[in-house]
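**Student:** protein36.tsv is reproduced below (TSV, C-alpha atoms).
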chain	number	residue	atom	x	y	z
A	82	MET	CA	11.93	207.03	38.42
A	83	ALA	CA	11.78	203.85	40.46
A	84	LYS	CA	10.58	200.75	38.69
A	85	LYS	CA	7.27	199.33	39.82
A	86	LYS	CA	7.84	196.15	41.78
A	87	PHE	CA	6.42	193.11	40.01
A	88	SER	CA	3.89	191.19	42.06
A	89	MET	CA	1.80	188.12	41.37
A	90	SER	CA	-1.40	187.24	43.20
A	91	THR	CA	-1.62	183.99	45.14
A	92	THR	CA	-4.22	182.73	42.68
A	93	THR	CA	-1.88	183.33	39.73
A	94	GLN	CA	1.03	181.73	41.59
A	95	ILE	CA	-1.08	178.61	42.19
A	96	VAL	CA	-2.08	178.45	38.51
A	97	VAL	CA	1.56	178.74	37.41
A	98	ALA	CA	2.63	176.12	39.96
A	99	SER	CA	-0.13	173.73	38.83
A	100	VAL	CA	0.74	173.96	35.13
A	101	SER	CA	4.47	173.71	35.88
A	102	ALA	CA	3.90	170.64	38.04
A	103	LEU	CA	1.97	168.80	35.33
A	104	ILE	CA	4.74	169.53	32.78
A	105	PHE	CA	7.50	168.65	35.24
A	106	GLY	CA	5.84	165.38	36.26
A	107	ALA	CA	5.24	164.33	32.67
A	108	VAL	CA	8.90	164.99	31.82
A	109	VAL	CA	10.64	163.34	34.80
A	110	GLY	CA	8.13	160.50	35.29
A	111	ASP	CA	8.40	158.34	38.42
A	112	TRP	CA	11.24	160.46	39.85
A	113	SER	CA	8.63	163.07	40.70
A	114	GLN	CA	7.57	160.92	43.66
A	115	ASN	CA	10.74	162.08	45.42
A	116	ILE	CA	9.25	165.54	46.01
A	117	GLU	CA	5.82	164.34	47.11
A	118	PHE	CA	6.83	164.55	50.78
A	119	ILE	CA	7.00	168.35	50.46
A	120	GLY	CA	3.36	168.49	49.38
A	121	THR	CA	2.40	166.05	52.11
A	122	ILE	CA	4.02	168.26	54.76
A	123	TRP	CA	2.13	171.28	53.40
A	124	LEU	CA	-1.15	169.37	53.51
A	125	ARG	CA	-0.50	168.29	57.09
A	126	LEU	CA	0.25	171.89	58.09
A	127	ILE	CA	-3.18	172.88	56.80
A	128	GLN	CA	-4.90	169.85	58.31
A	129	MET	CA	-3.40	170.43	61.77
A	130	SER	CA	-5.41	173.65	62.03
A	131	ILE	CA	-8.69	172.50	60.50
A	132	VAL	CA	-10.38	171.05	63.61
A	133	ALA	CA	-9.45	174.11	65.70
A	134	LEU	CA	-10.73	176.41	62.94
A	135	ILE	CA	-14.00	174.51	62.65
A	136	MET	CA	-14.64	174.41	66.39
A	137	THR	CA	-13.82	178.06	67.14
A	138	SER	CA	-15.77	179.25	64.08
A	139	VAL	CA	-18.91	177.31	64.99
A	140	MET	CA	-18.64	178.18	68.69
A	141	GLY	CA	-18.22	181.86	67.85
A	142	ALA	CA	-21.03	181.90	65.31
A	143	ILE	CA	-23.53	180.30	67.72
A	144	GLY	CA	-22.31	182.04	70.89
A	145	ASN	CA	-22.62	185.52	69.38
A	146	ILE	CA	-26.05	185.15	67.78
A	147	GLU	CA	-28.80	187.20	69.36
A	148	GLY	CA	-32.37	185.97	69.95
A	149	ALA	CA	-33.67	183.16	67.75
A	150	GLY	CA	-30.94	183.66	65.14
A	151	ALA	CA	-29.27	180.29	65.71
A	152	GLY	CA	-32.44	178.38	65.01
A	153	LYS	CA	-33.16	180.36	61.85
A	154	MET	CA	-29.61	179.97	60.60
A	155	SER	CA	-29.68	176.23	61.21
A	156	PHE	CA	-33.05	175.84	59.50
A	157	HIS	CA	-32.00	177.73	56.36
A	158	THR	CA	-28.61	175.99	56.22
A	159	PHE	CA	-30.00	172.47	56.35
A	160	LYS	CA	-32.87	173.41	54.03
A	161	TYR	CA	-30.40	174.26	51.27
A	162	ILE	CA	-28.14	171.30	52.07
A	163	ILE	CA	-31.07	168.92	51.52
A	164	ILE	CA	-32.23	170.66	48.31
A	165	PHE	CA	-28.79	170.73	46.69
A	166	THR	CA	-27.87	167.20	47.77
A	167	LEU	CA	-31.06	165.56	46.52
A	168	PHE	CA	-30.94	167.36	43.16
A	169	SER	CA	-27.29	166.34	42.70
A	170	ALA	CA	-28.05	162.70	43.61
A	171	PHE	CA	-30.82	162.47	41.02
A	172	LEU	CA	-28.53	164.17	38.49
A	173	GLY	CA	-25.89	161.50	39.10
A	174	LEU	CA	-28.50	158.76	38.68
A	175	GLY	CA	-29.69	160.23	35.38
A	176	LEU	CA	-26.19	160.65	33.94
A	177	GLY	CA	-25.15	157.16	35.07
A	178	LEU	CA	-28.13	155.58	33.34
A	179	LEU	CA	-27.79	157.73	30.22
A	180	MET	CA	-24.01	157.57	29.65
A	181	LYS	CA	-23.40	154.04	31.04
A	182	PRO	CA	-19.76	154.78	32.04
A	183	GLY	CA	-19.06	151.17	33.09
A	184	LEU	CA	-19.86	149.51	29.77
A	185	GLY	CA	-16.81	148.30	27.84
A	186	ILE	CA	-14.44	148.41	30.83
A	187	ASP	CA	-12.03	145.45	30.99
A	188	LEU	CA	-11.47	144.57	34.63
A	189	ASP	CA	-9.28	141.53	33.98
A	190	ALA	CA	-6.10	143.60	34.04
A	191	VAL	CA	-7.01	145.43	37.20
A	192	ASP	CA	-5.43	144.30	40.46
A	193	SER	CA	-8.00	144.51	43.21
A	194	VAL	CA	-6.96	146.78	46.06
A	195	ALA	CA	-10.34	147.03	47.65
A	196	ALA	CA	-9.61	144.38	50.26
A	197	GLU	CA	-7.18	146.76	51.91
A	198	ALA	CA	-10.02	149.16	52.66
A	199	GLY	CA	-12.63	146.94	54.20
A	200	ILE	CA	-15.51	148.62	55.99
A	201	ALA	CA	-18.34	147.25	58.04
A	202	SER	CA	-21.69	148.56	56.90
A	203	GLY	CA	-23.66	150.10	59.71
A	204	SER	CA	-27.31	150.98	60.09
A	205	ILE	CA	-28.83	154.44	59.88
A	206	LEU	CA	-29.18	154.46	63.67
A	207	ASP	CA	-25.48	153.62	64.05
A	208	THR	CA	-24.65	156.56	61.79
A	209	LEU	CA	-26.82	158.93	63.84
A	210	VAL	CA	-25.35	157.71	67.14
A	211	ASP	CA	-21.83	158.24	65.76
A	212	PHE	CA	-22.61	161.93	65.19
A	213	VAL	CA	-22.42	162.44	68.98
A	214	PRO	CA	-18.92	162.25	70.51
A	215	SER	CA	-18.22	160.24	73.62
A	216	ASN	CA	-14.82	161.90	74.01
A	217	ILE	CA	-14.33	165.26	72.31
A	218	PHE	CA	-10.54	165.05	72.63
A	219	GLU	CA	-10.56	161.74	70.78
A	220	SER	CA	-12.78	163.32	68.10
A	221	MET	CA	-10.32	166.18	67.75
A	222	ALA	CA	-7.34	163.84	67.59
A	223	THR	CA	-8.90	161.68	64.88
A	224	GLY	CA	-10.22	164.63	62.87
A	225	ASN	CA	-13.88	163.62	63.21
A	226	THR	CA	-15.40	166.88	61.97
A	227	ILE	CA	-19.04	165.89	62.48
A	228	GLN	CA	-18.48	165.14	66.18
A	229	ALA	CA	-16.41	168.31	66.55
A	230	ILE	CA	-19.24	170.37	65.03
A	231	VAL	CA	-21.87	168.76	67.30
A	232	PHE	CA	-19.79	169.55	70.39
A	233	SER	CA	-19.13	173.10	69.14
A	234	LEU	CA	-22.84	173.72	68.57
A	235	ILE	CA	-23.64	172.61	72.13
A	236	PHE	CA	-20.69	174.59	73.53
A	237	GLY	CA	-21.76	177.75	71.68
A	238	ILE	CA	-25.34	177.47	72.94
A	239	ALA	CA	-24.15	176.88	76.52
A	240	ALA	CA	-21.62	179.72	76.34
A	241	LYS	CA	-24.33	182.08	75.10
A	242	ALA	CA	-26.64	181.03	77.95
A	243	TYR	CA	-23.82	181.48	80.48
A	244	ALA	CA	-22.98	184.95	79.17
A	245	ASP	CA	-26.61	186.03	79.26
A	246	LYS	CA	-26.98	184.73	82.81
A	247	THR	CA	-23.76	186.13	84.30
A	248	GLY	CA	-22.89	189.03	82.00
A	249	ASN	CA	-19.43	187.46	81.60
A	250	ASN	CA	-18.48	187.06	77.92
A	251	ASN	CA	-14.81	186.22	78.48
A	252	ILE	CA	-15.22	182.70	77.12
A	253	MET	CA	-16.53	183.88	73.76
A	254	GLU	CA	-13.86	186.57	73.57
A	255	PHE	CA	-11.24	183.88	74.19
A	256	VAL	CA	-12.78	181.68	71.47
A	257	GLY	CA	-12.69	184.66	69.09
A	258	ASP	CA	-9.01	185.28	69.88
A	259	ILE	CA	-8.14	181.63	69.27
A	260	ASN	CA	-10.00	181.76	65.96
A	261	GLY	CA	-8.01	184.84	64.97
A	262	VAL	CA	-4.71	183.15	65.82
A	263	ILE	CA	-5.67	180.03	63.85
A	264	MET	CA	-6.48	182.22	60.83
A	265	GLU	CA	-3.06	183.86	61.13
A	266	ILE	CA	-1.44	180.41	61.14
A	267	ILE	CA	-3.41	179.41	58.06
A	268	ASN	CA	-2.53	182.66	56.28
A	269	MET	CA	1.15	181.91	56.85
A	270	ILE	CA	0.79	178.36	55.57
A	271	MET	CA	-1.16	179.52	52.50
A	272	LYS	CA	1.83	181.56	51.39
A	273	LEU	CA	3.48	178.19	50.72
A	274	ALA	CA	0.54	176.97	48.65
A	275	PRO	CA	2.30	177.20	45.24
A	276	ILE	CA	5.18	175.05	46.51
A	277	GLY	CA	2.91	172.54	48.23
A	278	ILE	CA	0.59	172.20	45.23
A	279	PHE	CA	3.53	171.78	42.84
A	280	ALA	CA	4.88	168.94	45.00
A	281	LEU	CA	1.47	167.27	45.13
A	282	LEU	CA	0.61	167.52	41.43
A	283	ALA	CA	3.95	166.56	39.91
A	284	PRO	CA	3.85	162.92	41.20
A	285	VAL	CA	0.28	162.55	39.89
A	286	ALA	CA	1.40	163.57	36.40
A	287	GLY	CA	4.54	161.45	36.65
A	288	THR	CA	3.02	158.18	37.85
A	289	THR	CA	-0.51	158.01	36.41
A	290	GLY	CA	-0.35	156.30	33.03
A	291	PHE	CA	-2.71	156.88	30.13
A	292	ASP	CA	-3.43	153.14	30.07
A	293	VAL	CA	-5.34	153.66	33.32
A	294	ILE	CA	-6.99	156.98	32.43
A	295	LEU	CA	-8.18	156.26	28.89
A	296	PRO	CA	-10.71	153.50	29.73
A	297	MET	CA	-12.14	155.73	32.45
A	298	LEU	CA	-12.64	158.83	30.34
A	299	LYS	CA	-16.37	158.17	30.06
A	300	PHE	CA	-16.67	158.05	33.86
A	301	LEU	CA	-14.67	161.28	34.24
A	302	LEU	CA	-16.69	162.86	31.43
A	303	ALA	CA	-19.92	162.02	33.27
A	304	LEU	CA	-18.55	163.79	36.37
A	305	LEU	CA	-17.49	166.78	34.29
A	306	ILE	CA	-20.93	167.04	32.70
A	307	ALA	CA	-22.52	166.80	36.17
A	308	ASP	CA	-20.34	169.71	37.31
A	309	ILE	CA	-21.23	171.79	34.25
A	310	ILE	CA	-24.96	171.16	34.70
A	311	MET	CA	-24.74	172.09	38.38
A	312	PHE	CA	-22.89	175.32	37.53
A	313	LEU	CA	-25.44	176.22	34.86
A	314	VAL	CA	-28.36	175.52	37.20
A	315	TYR	CA	-27.13	176.58	40.64
A	316	PHE	CA	-25.36	179.84	39.73
A	317	PRO	CA	-28.27	181.53	37.91
A	318	ILE	CA	-30.96	180.31	40.31
A	319	SER	CA	-28.98	181.40	43.39
A	320	ALA	CA	-28.14	184.75	41.79
A	321	TRP	CA	-31.78	185.29	40.81
A	322	ARG	CA	-33.00	184.57	44.35
A	323	ILE	CA	-30.42	186.88	45.94
A	324	GLY	CA	-30.75	189.57	43.27
A	325	ILE	CA	-27.13	189.72	42.04
A	326	ASN	CA	-25.30	189.45	38.74
A	327	PRO	CA	-24.22	185.80	38.22
A	328	LEU	CA	-21.56	186.83	35.68
A	329	LYS	CA	-19.43	188.17	38.55
A	330	MET	CA	-19.35	184.78	40.29
A	331	PRO	CA	-16.67	182.91	38.28
A	332	LYS	CA	-13.93	185.45	38.99
A	333	LYS	CA	-14.84	185.60	42.68
A	334	PHE	CA	-14.78	181.79	42.91
A	335	ALA	CA	-11.48	181.45	40.98
A	336	LYS	CA	-9.11	181.01	43.94
A	337	MET	CA	-11.39	178.46	45.59
A	338	PHE	CA	-11.74	176.58	42.30
A	339	ILE	CA	-7.99	176.26	41.96
A	340	MET	CA	-7.49	175.19	45.58
A	341	ALA	CA	-10.24	172.58	45.25
A	342	LEU	CA	-8.92	171.22	41.95
A	343	THR	CA	-5.31	170.98	43.04
A	344	THR	CA	-5.74	169.68	46.59
A	345	THR	CA	-8.94	167.60	46.03
A	346	SER	CA	-9.79	168.33	49.66
A	347	GLY	CA	-12.72	170.25	51.08
A	348	ALA	CA	-10.92	170.52	54.42
A	349	VAL	CA	-7.78	172.06	52.95
A	350	THR	CA	-9.90	174.49	50.91
A	351	LEU	CA	-12.01	175.47	53.96
A	352	PRO	CA	-9.95	178.49	55.11
A	353	THR	CA	-9.88	179.96	51.59
A	354	LYS	CA	-13.60	179.27	51.16
A	355	MET	CA	-14.57	180.96	54.42
A	356	GLU	CA	-12.39	184.02	53.83
A	357	ASP	CA	-13.39	184.57	50.19
A	358	SER	CA	-17.07	184.08	51.06
A	359	VAL	CA	-16.88	187.11	53.33
A	360	THR	CA	-14.41	189.32	51.45
A	361	LYS	CA	-15.58	188.69	47.87
A	362	LEU	CA	-19.07	187.20	47.85
A	363	GLY	CA	-20.99	189.20	50.45
A	364	VAL	CA	-21.54	186.39	52.98
A	365	ASP	CA	-21.98	187.62	56.55
A	366	ARG	CA	-19.04	186.68	58.83
A	367	GLU	CA	-21.19	184.85	61.38
A	368	VAL	CA	-22.99	182.98	58.60
A	369	SER	CA	-19.67	181.98	57.03
A	370	ASP	CA	-18.32	180.78	60.38
A	371	PHE	CA	-21.45	178.66	60.85
A	372	THR	CA	-22.17	177.35	57.35
A	373	GLY	CA	-18.53	176.93	56.23
A	374	PRO	CA	-17.58	174.03	58.53
A	375	ILE	CA	-21.03	172.42	58.44
A	376	THR	CA	-21.32	172.42	54.66
A	377	MET	CA	-17.77	171.09	54.36
A	378	SER	CA	-18.85	167.97	56.23
A	379	MET	CA	-22.50	167.63	55.22
A	380	ASN	CA	-23.06	169.35	51.86
A	381	SER	CA	-21.04	167.35	49.34
A	382	SER	CA	-23.20	167.77	46.25
A	383	GLY	CA	-20.32	167.04	43.89
A	384	ALA	CA	-19.47	163.92	45.87
A	385	VAL	CA	-23.03	162.57	45.97
A	386	ALA	CA	-23.33	162.85	42.17
A	387	CYS	CA	-19.95	161.13	41.80
A	388	TYR	CA	-20.90	158.32	44.20
A	389	VAL	CA	-24.19	157.58	42.47
A	390	ILE	CA	-22.42	157.44	39.09
A	391	ALA	CA	-19.75	155.21	40.68
A	392	ILE	CA	-22.40	152.76	41.92
A	393	LEU	CA	-23.82	152.46	38.41
A	394	PHE	CA	-20.29	152.20	37.00
A	395	MET	CA	-19.48	149.23	39.27
A	396	SER	CA	-22.74	147.56	38.32
A	397	GLN	CA	-22.18	148.05	34.59
A	398	ALA	CA	-18.46	147.19	34.60
A	399	THR	CA	-18.93	143.94	36.54
A	400	GLY	CA	-22.11	142.89	34.76
A	401	VAL	CA	-24.15	142.75	37.96
A	402	PRO	CA	-27.49	144.51	37.27
A	403	LEU	CA	-29.23	146.59	39.91
A	404	SER	CA	-32.99	146.83	40.23
A	405	TRP	CA	-34.66	150.23	40.55
A	406	THR	CA	-35.08	149.55	44.26
A	407	GLU	CA	-31.37	148.81	44.60
A	408	MET	CA	-30.42	151.90	42.59
A	409	LEU	CA	-32.59	154.12	44.79
A	410	THR	CA	-31.12	152.40	47.85
A	411	GLY	CA	-27.65	153.14	46.52
A	412	MET	CA	-28.65	156.77	46.00
A	413	LEU	CA	-29.89	156.96	49.59
A	414	LEU	CA	-26.62	155.42	50.81
A	415	ALA	CA	-24.69	158.02	48.80
A	416	VAL	CA	-26.68	160.82	50.41
A	417	MET	CA	-25.97	159.34	53.85
A	418	MET	CA	-22.26	158.93	53.14
A	419	VAL	CA	-21.76	162.59	52.21
A	420	MET	CA	-23.18	163.55	55.62
A	421	GLY	CA	-19.78	163.26	57.25
A	422	THR	CA	-17.62	161.75	54.52
A	423	ILE	CA	-13.88	161.93	55.08
A	424	VAL	CA	-12.91	165.33	53.66
A	425	VAL	CA	-9.23	164.71	53.02
A	426	PRO	CA	-7.72	163.00	49.96
A	427	GLY	CA	-8.13	159.21	49.99
A	428	GLY	CA	-11.41	158.93	51.86
A	429	SER	CA	-13.31	157.69	48.80
A	430	VAL	CA	-11.65	154.25	48.91
A	431	VAL	CA	-13.68	153.55	52.03
A	432	VAL	CA	-16.86	154.90	50.45
A	433	TYR	CA	-16.56	152.86	47.25
A	434	THR	CA	-15.90	149.70	49.22
A	435	PHE	CA	-18.92	150.40	51.42
A	436	PHE	CA	-21.16	150.72	48.35
A	437	ALA	CA	-19.85	147.50	46.80
A	438	ALA	CA	-20.39	145.56	50.04
A	439	SER	CA	-23.83	147.06	50.70
A	440	LEU	CA	-25.19	146.41	47.19
A	441	GLY	CA	-23.52	143.06	46.56
A	442	LEU	CA	-21.23	144.32	43.80
A	443	PRO	CA	-17.84	142.68	43.05
A	444	ALA	CA	-14.85	144.51	44.51
A	445	GLU	CA	-13.04	144.58	41.14
A	446	GLY	CA	-14.96	147.71	40.20
A	447	VAL	CA	-13.60	149.51	43.26
A	448	ALA	CA	-9.97	149.06	42.25
A	449	ILE	CA	-10.19	150.86	38.92
A	450	LEU	CA	-12.18	153.71	40.49
A	451	ILE	CA	-9.41	154.15	43.04
A	452	SER	CA	-6.78	154.25	40.29
A	453	ILE	CA	-8.23	157.48	38.85
A	454	ASP	CA	-9.59	158.90	42.09
A	455	TRP	CA	-7.35	161.96	42.08
A	456	PHE	CA	-9.04	163.17	38.89
A	457	ALA	CA	-12.52	162.25	40.17
A	458	GLY	CA	-11.67	163.92	43.48
A	459	ALA	CA	-10.79	167.18	41.73
A	460	LEU	CA	-14.16	167.23	39.95
A	461	ARG	CA	-16.01	166.30	43.17
A	462	THR	CA	-14.31	168.87	45.34
A	463	ILE	CA	-14.74	171.86	43.05
A	464	MET	CA	-18.51	171.33	43.07
A	465	ASN	CA	-18.61	170.63	46.81
A	466	VAL	CA	-16.85	173.91	47.58
A	467	THR	CA	-18.93	175.89	45.10
A	468	ILE	CA	-22.24	174.80	46.60
A	469	ASP	CA	-20.91	175.29	50.14
A	470	VAL	CA	-20.44	178.97	49.31
A	471	LEU	CA	-23.81	179.24	47.56
A	472	VAL	CA	-25.44	177.91	50.74
A	473	GLY	CA	-23.69	180.65	52.73
A	474	MET	CA	-24.84	183.30	50.25
A	475	LEU	CA	-28.44	182.07	50.29
A	476	VAL	CA	-28.54	181.82	54.09
A	477	SER	CA	-27.15	185.37	54.36
A	478	TYR	CA	-29.90	186.54	52.02
A	479	ASP	CA	-32.64	184.73	53.96
A	480	LEU	CA	-31.39	186.29	57.19
A	481	ASP	CA	-31.20	189.73	55.51
A	482	VAL	CA	-27.47	190.10	56.16
A	483	PHE	CA	-26.12	189.62	52.62
A	484	ASP	CA	-23.64	192.40	51.79
A	485	TYR	CA	-24.42	193.62	48.28
A	486	GLU	CA	-21.70	196.28	48.45
A	487	VAL	CA	-19.00	193.65	48.96
A	488	TYR	CA	-20.38	191.47	46.17
A	489	ASN	CA	-20.53	194.44	43.79
A	490	ASN	CA	-16.96	195.51	44.72
A	491	GLU	CA	-18.20	198.79	46.22
A	492	LYS	CA	-16.39	198.21	49.52
A	493	THR	CA	-13.77	195.92	51.00
A	494	VAL	CA	-13.87	194.00	54.28
A	495	GLU	CA	-11.32	192.00	56.21
A	496	TYR	CA	-12.04	188.46	57.36
A	497	THR	CA	-9.63	188.32	60.31
A	498	LYS	CA	-11.18	189.70	63.48
In structure tokens, what does this structure look like?
**Tutor:**
Amino acid sequence: MAKKKFSMSTTTQIVVASVSALIFGAVVGDWSQNIEFIGTIWLRLIQMSIVALIMTSVMGAIGNIEGAGAGKMSFHTFKYIIIFTLFSAFLGLGLGLLMKPGLGIDLDAVDSVAAEAGIASGSILDTLVDFVPSNIFESMATGNTIQAIVFSLIFGIAAKAYADKTGNNNIMEFVGDINGVIMEIINMIMKLAPIGIFALLAPVAGTTGFDVILPMLKFLLALLIADIIMFLVYFPISAWRIGINPLKMPKKFAKMFIMALTTTSGAVTLPTKMEDSVTKLGVDREVSDFTGPITMSMNSSGAVACYVIAILFMSQATGVPLSWTEMLTGMLLAVMMVMGTIVVPGGSVVVYTFFAASLGLPAEGVAILISIDWFAGALRTIMNVTIDVLVGMLVSYDLDVFDYEVYNNEKTVEYTK
């Protein structure tokens, strides 16, 4: 009798790689930086496909919608983005005021690195104008996802109008084929995820000292509590509205959770999020293609809670008090910043510096936040990704296309067209 071949799921492989990396990094220390380039190459392989995936997904979702579907989908998507983001911002404000994470922090030993990440604060109108690309190829080259999405929305609408007028749907078929090829590329790259994640995590464990982490535990604890509250509130309410069992959600979200925690990047997690939304959580394919990229760029509920807490942390740690007006202004700035925040690791340095400059806070507070940003980024990203998927589930329900059979494991579907 032939022995059954041992196999391990990708999710399990990533868990094993993550734990092994933390142990390996702690044992070998600074030497672990020598393998970081492997993880960086893996990240870049994922990132090289993200803009193409976003654009073809959004184009396809809009171009294939019949009737007034695009308007309804957009309305429901942005309705939930606003609801989740505002609740998360007020949650961050409450936890920052209650826990006071910046009190007792000694900034004298911290070398300021904020000057390296200077940013000019722009007006709301400047932000809105920057949503529209002047050169789509430049937007693609620089990875400006907001501008890529805006162009893709317009392209999808125009392609739909052209197909209706001429009866020629070759353009949308071509876009669908490109999307399928991009997904095949990403599937190949994801097979290397355990190796890439190991090479990314080991240097973090090997170079981040406890002398940096320990004073910031209260800040990280505030983020963790924010995540827990959001899970306890968002999961049951979303499940109640859709009419599903919330106890099935954690297992279905597991792979996305691990990807988000280990890569700290919404962009890198995007392909996994979009595929699992359709194949495990009952989200309609067109809804996933539309909401997935848009929520990645504009629905960062975990990030907005983190940024509001960070503003209060900088105020408390530097001894510069903020009035209620300034705190609410900071909360509004945080909401604005998540509408197009950089979605790859390292973008928060720019955001923190922007807040300090806008609210008149000393830059010393930025430096210590940056020193533990990998850990904060993991907590931000897991919540960002979770709520992205909940938006897709809720929009599918509102459009009456939620697949209960998939969610209840009564049938299987493939994501690749």
**Student:** Would you work out the distance separating atom CA of A:Leu302 from atom CA of A:Gly120, expressed in Å to one decimal?
**Tutor:**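 Separation between atom CA of A:Leu302 and atom CA of A:Gly120: 27.5 Å.
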**Student:** Using only C-alpha atoms, which of the listed residues (A:Lys246, A:Lys181, A:Lys492, A:Lys160) sits closest to A:Leu298?
**Tutor:**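 Closest to A:Leu298 of all the choices is A:Lys181.
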**Student:** Compare A:Ser381, A:Gln228, A:Thr493, A:Ser99 by their minimum atom-to-atom distance to A:Val466, counting all atoms listed in the file, and give me the closest one.
**Tutor:**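 Using all atoms listed in the file, A:Val466 sits closest to A:Ser381.
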**Student:** Which polymer residues, whether protein, DNA or RNA, lie within 12 Å of the coordinate (-31.3, 165.7, 40.5) when you count all atoms listed in the file? List them as a CSV table (one decimal) with C-alpha atoms, in the frame of the given file, using the chain letters and numbers from the file.
**Tutor:**
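Wrote it out as point.csv, contents follow:
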chain,number,residue,atom,x,y,z
A,163,ILE,CA,-31.1,168.9,51.5
A,164,ILE,CA,-32.2,170.7,48.3
A,165,PHE,CA,-28.8,170.7,46.7
A,166,THR,CA,-27.9,167.2,47.8
A,167,LEU,CA,-31.1,165.6,46.5
A,168,PHE,CA,-30.9,167.4,43.2
A,169,SER,CA,-27.3,166.3,42.7
A,170,ALA,CA,-28.0,162.7,43.6
A,171,PHE,CA,-30.8,162.5,41.0
A,172,LEU,CA,-28.5,164.2,38.5
A,173,GLY,CA,-25.9,161.5,39.1
A,174,LEU,CA,-28.5,158.8,38.7
A,175,GLY,CA,-29.7,160.2,35.4
A,176,LEU,CA,-26.2,160.6,33.9
A,177,GLY,CA,-25.2,157.2,35.1
A,307,ALA,CA,-22.5,166.8,36.2
A,310,ILE,CA,-25.0,171.2,34.7
A,311,MET,CA,-24.7,172.1,38.4
A,314,VAL,CA,-28.4,175.5,37.2
A,315,TYR,CA,-27.1,176.6,40.6
A,382,SER,CA,-23.2,167.8,46.2
A,383,GLY,CA,-20.3,167.0,43.9
A,385,VAL,CA,-23.0,162.6,46.0
A,386,ALA,CA,-23.3,162.8,42.2
A,389,VAL,CA,-24.2,157.6,42.5
A,412,MET,CA,-28.6,156.8,46.0
A,416,VAL,CA,-26.7,160.8,50.4
**Student:** I'd like to know which of A:Ala244, A:Leu304, A:Ile162, A:Ile131 is closest to A:Thr350, using all atoms listed in the file.
**Tutor:** A:Ile131
**Student:** From the set A:Thr399, A:Thr223, A:Thr345, A:Ser138, which residue has the shortest atom-to-atom contact distance to A:Tyr496, counting all atoms listed in the file?
**Tutor:**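 Residue with the minimum atom-to-atom distance to A:Tyr496: A:Ser138.
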**Student:** Between atom CA of A:Asp469 and atom CA of A:Ile227, what distance in Å does the model show, to one decimal?
**Tutor:**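 Computing it gives 15.6 Å between the two atoms.
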**Student:** Using only C-alpha atoms, pick whichever of A:Met474, A:Leu184, A:Met297, A:Met377 has the shortest atom-to-atom distance to A:Gly324.
**Tutor:** A:Met474
**Student:** How many Å separate atom CA of A:Ser369 from atom CA of A:Gly347?
**Tutor:**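 So the answer is 14.9 Å.
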**Student:** From the set A:Val262, A:Leu273, A:Leu475, A:Ala229, which residue has the shortest atom-to-atom contact distance to A:Thr372, counting all atoms listed in the file?
**Tutor:**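 The answer is A:Leu475, which sits nearest to A:Thr372.
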**Student:** Would you list the residues near (-27.2, 154.9, 48.8), meaning any protein, DNA or RNA residue with an atom at most 9 Å from that point in file coordinates, counting all atoms listed in the file, as a PDB file with C-alpha atoms, in the coordinates of the input?
**Tutor:**
ATOM      1  CA  TYR A 388     -20.900 158.320  44.200  1.00  0.00           C
ATOM      2  CA  VAL A 389     -24.190 157.580  42.470  1.00  0.00           C
ATOM      3  CA  ILE A 392     -22.400 152.760  41.920  1.00  0.00           C
ATOM      4  CA  GLU A 407     -31.370 148.810  44.600  1.00  0.00           C
ATOM      5  CA  MET A 408     -30.420 151.900  42.590  1.00  0.00           C
ATOM      6  CA  LEU A 409     -32.590 154.120  44.790  1.00  0.00           C
ATOM      7  CA  THR A 410     -31.120 152.400  47.850  1.00  0.00           C
ATOM      8  CA  GLY A 411     -27.650 153.140  46.520  1.00  0.00           C
ATOM      9  CA  MET A 412     -28.650 156.770  46.000  1.00  0.00           C
ATOM     10  CA  LEU A 413     -29.890 156.960  49.590  1.00  0.00           C
ATOM     11  CA  LEU A 414     -26.620 155.420  50.810  1.00  0.00           C
ATOM     12  CA  ALA A 415     -24.690 158.020  48.800  1.00  0.00           C
ATOM     13  CA  VAL A 416     -26.680 160.820  50.410  1.00  0.00           C
ATOM     14  CA  MET A 417     -25.970 159.340  53.850  1.00  0.00           C
ATOM     15  CA  MET A 418     -22.260 158.930  53.140  1.00  0.00           C
ATOM     16  CA  PHE A 436     -21.160 150.720  48.350  1.00  0.00           C
ATOM     17  CA  SER A 439     -23.830 147.060  50.700  1.00  0.00           C
ATOM     18  CA  LEU A 440     -25.190 146.410  47.190  1.00  0.00           C
TER      19      LEU A 440
END
**Student:** Using 8 Å of padding on each side, determine the axis-aligned box around all atoms of stretch 295-311 of chain A present in the file and give its centre and edge lengths in Å to one decimal, as AutoDock Vina command-line options.
**Tutor:**
--center_x -16.6 --center_y 162.8 --center_z 33.6 --size_x 32.8 --size_y 34.6 --size_z 25.5
